[in-house]
Amino acid sequence: MTHRFEFSYHNPTQIVFGTNAFAALDSLIPQDAKVLLLYGGGSIKHNGVHAQVTAALGQREIVEFGGVEPNPTLETLTAAVDRAKAAKIDFVLGVGGGSVSDGAKFVASAACYDGDGWDIVKGLHVPSSALPVGIVLTLPATGSESNAAAVVTRKASLEKRVFYVPPARPRFALLNPDVMHSLPDRQLENGIVDAFVHVCEQYLTHPVGALVQDGYAEAVMKALKTLADTFEQRRTTGWQQNLMWAANQALCGIIGVGVPTDWITHRIAVELTALWDIDHGRTLAIIQPALLKELIEAKRAKLVQMGQAVFGLPQPSAEDTIAAIEALYRSLSMPLHLREAGIDEADAAERVFAAVKAHGNAALGTHAGVTEAITARIIQRACA
Ligand code: NZQ
Ligand code: ZN
């Protein structure tokens with residue numbers, strides 16, 4: 001039966017790309033705006049980005065809030081919301097990676113809500129408005145800078161949750177690859193893997209004859225594979241600008257329009273960060289190969305297609321493609337089992353499964369008919 005595409009696509013985030021991107025701030029934020037400058041643990045103070053951004057903001061009144069942690073917490077972000085409300089902020093400018101970008105979306109929506117911000121994360125309050133958001137991206141990986149998703153962790157309950165806030169989708173994102181000079185290798189590795197898995201989640205299901213979506217997904221994955229193969233060039237502008245654009249395109253929404261998608265790797269992997277604070281990219285490398293092995297029959301046709309189109313294998317089996325994916329992650333120093341990330345608890349798999357189940361993600365179904373038993377087996381493979 002023919003699969004019918006049905007979608008409505010509108011991504012209004014203006015991307016300004018290149019070395020001179022920061023100059024655009026002056027025209028993108030109203031002159032009289034009171035700006036909340038939200039940032040992370042201080043990398044922007046060391047690499048000069050803070051100085052360049054504040055200079056580009058000129059005479060605008062700026063209220064700073066630093067200290068948004070990787071995998072941002074409700075606890076920290078709530079303090080930022082209080083600051084935004086007290087200062088009557090009218091523009092939220094996030095300067096950082098996915099964590100700060102997600103934090104900016106949360107702050108912008110919670111600042112327009114009188115209740116508990118966690119209601120927004122849990123979907124109990126669906127914001128119809130938010131303060132305008134802009135992002136200066138310093139770490140290409142998540143695509144958060146031009147999508148409507150955000151991920152916030154409530155430390156008190158070890159809950160890491162994804163939510164969608166279209167009103168807080170960034171109005172603009174400034175992608176200046178020069179900011180990447182100060183990134184440690186570990187974050188570049190994480191960025192490639194996160195972006196690669198974002199494409200997989202929207203591509204590795206079953207064939208539906210989506211020529212454009214498949215072709216574009218394969219192009220982005222090939223680019224990411226090339227960046228991994230040429231990792232020794234990671235300090236060059238050419239390499240860095242390609243990662244910045246690839247990671248953005250991987251999760252700006254275009255690849256997945258009208259086709260079946262499957263976010264199970266992410267749904268399971270977030271729990272590894274919530275429980276043990278493992279980097280997001282690394283959690284994906286731990287879960288995805290195990291998941292592909294368990295779901296190989298449902299994904300066989302697409303794995304074969306991927307083996308040819310992305311890895312250039314002449315007549316690959318699905319097994320060959322999974323091996324190629326594992327080799328790709330290995331080449332980027334990723335752990336492929338929880339143990340390799342330094343977690344060696346006897347009940348690790350049970351804890352992950354309990355958390356996945358508690359958050360309603362143990363029987364996601366999808367094209368592969370994933371049941372609780374299958375999810376448990378995936379987690380066993382990756383974590384036991
Ligand atoms: O906090 P600072 O000091 O800035 O340091 C950060 C942080 O320690 C550092 N860093 C960022 N830019 C730098 C830099 N260091 C030197 N030079 C620079 N230019 O990198 C560290 C990690 O930053 P973080 O923002 O946490 O990383 P990433 O961009 O990987 O974001 C991860 C978060 O995004 C969520 C993840 O779950 C995680 O919470 N995701 C959001 C998504 C979305 N909104 O669509 C999708 C993703 O799947 C993901 O779940
Ligand atoms: Zn991700």
# chains A, B, ... in the order shown; residues from 1 in each chain; ligands from 1

call {"tool": "residues_near_ligand", "arguments": {"ligand": "ligand 1", "cutoff": "6 Å", "atoms": "only C-alpha atoms and all ligand atoms", "output": "list in words"}}
result
Gly40, Gly41, Gly42, Ser43, Ile44, Glu69, Pro70, Asn71, Gly96, Gly97, Gly98, Ser99, Val100, Asp102, Thr138, Leu139, Ala141, Thr142, Gly143, Ser144, Ala149, Ala150, Val151, Val179, Met180, Ser182, Leu183 and His280 of chain A

call {"tool": "write_last_selection", "arguments": {"atoms": "N, CA, C and O atoms", "output": "mmCIF file, in the first residue's frame"}}
result
data_model
loop_
_atom_site.group_PDB
_atom_site.id
_atom_site.type_symbol
_atom_site.label_atom_id
_atom_site.label_comp_id
_atom_site.auth_asym_id
_atom_site.auth_seq_id
_atom_site.Cartn_x
_atom_site.Cartn_y
_atom_site.Cartn_z
ATOM 1 N N GLY A 40 25.997 29.188 30.123
ATOM 2 C CA GLY A 40 26.305 27.984 30.888
ATOM 3 C C GLY A 40 27.350 28.213 31.965
ATOM 4 O O GLY A 40 27.330 29.212 32.689
ATOM 5 N N GLY A 41 28.325 27.289 32.027
ATOM 6 C CA GLY A 41 29.287 27.315 33.124
ATOM 7 C C GLY A 41 30.448 28.266 32.947
ATOM 8 O O GLY A 41 31.351 28.291 33.775
ATOM 9 N N GLY A 42 30.473 29.011 31.861
ATOM 10 C CA GLY A 42 31.519 30.023 31.746
ATOM 11 C C GLY A 42 32.434 29.898 30.545
ATOM 12 O O GLY A 42 33.313 30.737 30.354
ATOM 13 N N SER A 43 32.244 28.877 29.700
ATOM 14 C CA SER A 43 33.136 28.763 28.529
ATOM 15 C C SER A 43 33.085 30.044 27.688
ATOM 16 O O SER A 43 34.101 30.459 27.137
ATOM 17 N N ILE A 44 31.933 30.702 27.649
ATOM 18 C CA ILE A 44 31.842 31.903 26.795
ATOM 19 C C ILE A 44 32.643 33.077 27.356
ATOM 20 O O ILE A 44 32.964 34.014 26.628
ATOM 21 N N GLU A 69 23.605 24.388 33.691
ATOM 22 C CA GLU A 69 24.501 23.237 33.630
ATOM 23 C C GLU A 69 24.202 22.370 32.406
ATOM 24 O O GLU A 69 23.117 22.446 31.850
ATOM 25 N N PRO A 70 25.187 21.542 31.983
ATOM 26 C CA PRO A 70 24.870 20.552 30.940
ATOM 27 C C PRO A 70 23.712 19.691 31.447
ATOM 28 O O PRO A 70 23.686 19.352 32.644
ATOM 29 N N ASN A 71 22.761 19.348 30.584
ATOM 30 C CA ASN A 71 21.531 18.671 31.017
ATOM 31 C C ASN A 71 20.854 19.559 32.066
ATOM 32 O O ASN A 71 20.838 19.244 33.256
ATOM 33 N N GLY A 96 25.074 29.392 24.045
ATOM 34 C CA GLY A 96 25.631 28.123 24.496
ATOM 35 C C GLY A 96 25.258 26.984 23.578
ATOM 36 O O GLY A 96 24.885 27.184 22.416
ATOM 37 N N GLY A 97 25.325 25.767 24.119
ATOM 38 C CA GLY A 97 24.975 24.571 23.356
ATOM 39 C C GLY A 97 23.519 24.207 23.549
ATOM 40 O O GLY A 97 22.671 25.061 23.870
ATOM 41 N N GLY A 98 23.223 22.916 23.404
ATOM 42 C CA GLY A 98 21.843 22.452 23.526
ATOM 43 C C GLY A 98 21.262 22.734 24.904
ATOM 44 O O GLY A 98 20.070 23.045 25.032
ATOM 45 N N SER A 99 22.079 22.627 25.923
ATOM 46 C CA SER A 99 21.557 22.820 27.280
ATOM 47 C C SER A 99 21.075 24.253 27.488
ATOM 48 O O SER A 99 19.994 24.479 28.036
ATOM 49 N N VAL A 100 21.869 25.199 27.052
ATOM 50 C CA VAL A 100 21.462 26.605 27.203
ATOM 51 C C VAL A 100 20.284 26.907 26.266
ATOM 52 O O VAL A 100 19.339 27.615 26.650
ATOM 53 N N ASP A 102 17.944 24.839 25.223
ATOM 54 C CA ASP A 102 16.739 24.268 25.835
ATOM 55 C C ASP A 102 16.320 25.102 27.042
ATOM 56 O O ASP A 102 15.129 25.366 27.251
ATOM 57 N N THR A 138 27.038 27.679 20.455
ATOM 58 C CA THR A 138 28.482 27.482 20.665
ATOM 59 C C THR A 138 28.894 26.025 20.545
ATOM 60 O O THR A 138 30.083 25.713 20.634
ATOM 61 N N LEU A 139 27.925 25.120 20.373
ATOM 62 C CA LEU A 139 28.248 23.687 20.297
ATOM 63 C C LEU A 139 27.247 23.025 19.361
ATOM 64 O O LEU A 139 26.077 22.899 19.706
ATOM 65 N N ALA A 141 25.315 20.124 17.860
ATOM 66 C CA ALA A 141 25.010 18.740 18.233
ATOM 67 C C ALA A 141 23.509 18.489 18.199
ATOM 68 O O ALA A 141 23.034 17.617 17.477
ATOM 69 N N THR A 142 22.773 19.249 18.972
ATOM 70 C CA THR A 142 21.379 18.899 19.245
ATOM 71 C C THR A 142 20.384 19.388 18.202
ATOM 72 O O THR A 142 19.290 18.836 18.091
ATOM 73 N N GLY A 143 20.703 20.461 17.500
ATOM 74 C CA GLY A 143 19.717 21.074 16.604
ATOM 75 C C GLY A 143 18.712 21.930 17.359
ATOM 76 O O GLY A 143 17.820 22.525 16.766
ATOM 77 N N SER A 144 18.859 22.001 18.672
ATOM 78 C CA SER A 144 17.901 22.742 19.502
ATOM 79 C C SER A 144 17.738 24.187 19.051
ATOM 80 O O SER A 144 16.679 24.782 19.243
ATOM 81 N N ALA A 149 11.830 21.719 20.448
ATOM 82 C CA ALA A 149 11.963 20.774 21.558
ATOM 83 C C ALA A 149 12.875 21.317 22.644
ATOM 84 O O ALA A 149 13.733 22.168 22.391
ATOM 85 N N ALA A 150 12.699 20.798 23.843
ATOM 86 C CA ALA A 150 13.612 21.122 24.938
ATOM 87 C C ALA A 150 13.634 19.940 25.897
ATOM 88 O O ALA A 150 12.697 19.136 25.934
ATOM 89 N N VAL A 151 14.732 19.835 26.636
ATOM 90 C CA VAL A 151 14.884 18.732 27.583
ATOM 91 C C VAL A 151 15.333 19.328 28.910
ATOM 92 O O VAL A 151 16.338 20.037 28.962
ATOM 93 N N VAL A 179 33.249 29.894 16.896
ATOM 94 C CA VAL A 179 33.081 29.620 18.334
ATOM 95 C C VAL A 179 33.534 28.209 18.687
ATOM 96 O O VAL A 179 33.710 27.870 19.851
ATOM 97 N N MET A 180 33.699 27.364 17.671
ATOM 98 C CA MET A 180 34.030 25.962 17.937
ATOM 99 C C MET A 180 35.510 25.740 18.283
ATOM 100 O O MET A 180 35.876 24.654 18.720
ATOM 101 N N SER A 182 37.239 26.558 20.709
ATOM 102 C CA SER A 182 37.519 26.211 22.111
ATOM 103 C C SER A 182 36.857 24.902 22.547
ATOM 104 O O SER A 182 36.997 24.493 23.701
ATOM 105 N N LEU A 183 36.130 24.256 21.646
ATOM 106 C CA LEU A 183 35.438 23.023 22.054
ATOM 107 C C LEU A 183 36.421 21.875 22.264
ATOM 108 O O LEU A 183 37.251 21.603 21.393
ATOM 109 N N HIS A 280 24.998 13.180 26.739
ATOM 110 C CA HIS A 280 23.896 12.737 25.876
ATOM 111 C C HIS A 280 24.393 11.908 24.673
ATOM 112 O O HIS A 280 23.890 10.821 24.401
#

call {"tool": "residues_around", "arguments": {"residues": "Phe7 (chain A)", "least_positions_apart": "6", "cutoff": "12 Å", "atoms": "only C-alpha atoms", "output": "list in words"}}
result
Gly253, Ile254, Ile255, Gly256, Val257, Gly258, Val259 and Pro260 of chain A

call {"tool": "residues_around", "arguments": {"residues": "region 163-168 of chain A", "least_positions_apart": "5", "cutoff": "8 Å", "atoms": "only C-alpha atoms", "output": "list of chain:residue names"}}
result
A:Lys105, A:Phe106, A:Ala108, A:Ser109, A:Ile120, A:Val121, A:Lys122, A:Gly123, A:Val126, A:Pro127, A:Ser128, A:Ser129, A:Ala130, A:Leu131, A:Pro132, A:Val133, A:Ala148, A:Ala149, A:Ala150, A:Val151

call {"tool": "write_last_selection", "arguments": {"atoms": "C-alpha atoms", "output": "compact mmCIF listing (two decimals), in the first residue's frame"}}
result
# COMPACT_ATOMS: atom_id res chain seq x y z
CA LYS A 105 13.03 27.92 25.68
CA PHE A 106 11.98 26.85 29.16
CA ALA A 108 10.92 32.09 27.90
CA SER A 109 7.77 30.01 28.37
CA ILE A 120 5.18 22.88 31.15
CA VAL A 121 7.76 20.10 31.07
CA LYS A 122 5.15 17.49 32.00
CA GLY A 123 2.64 18.79 29.49
CA VAL A 126 0.68 23.95 27.19
CA PRO A 127 2.06 27.46 26.67
CA SER A 128 0.30 29.56 24.05
CA SER A 129 2.87 32.32 24.34
CA ALA A 130 6.48 32.85 25.38
CA LEU A 131 9.03 35.63 25.44
CA PRO A 132 10.93 35.83 22.14
CA VAL A 133 14.06 33.66 22.07
CA ALA A 148 10.71 23.51 19.22
CA ALA A 149 11.96 20.77 21.56
CA ALA A 150 13.61 21.12 24.94
CA VAL A 151 14.88 18.73 27.58

call {"tool": "residues_near_ligand", "arguments": {"ligand": "ligand 2", "cutoff": "8 Å", "atoms": "only C-alpha atoms and all ligand atoms", "output": "list in words"}}
result
Ala141, Thr142, Asp194, Ala195, Val197, His198, His266, His280, Gly281 and Leu284 of chain A

call {"tool": "atom_distance", "arguments": {"atom1": "CA of Pro314 (chain A)", "atom2": "CA of Arg330 (chain A)"}}
result
21.9 Å
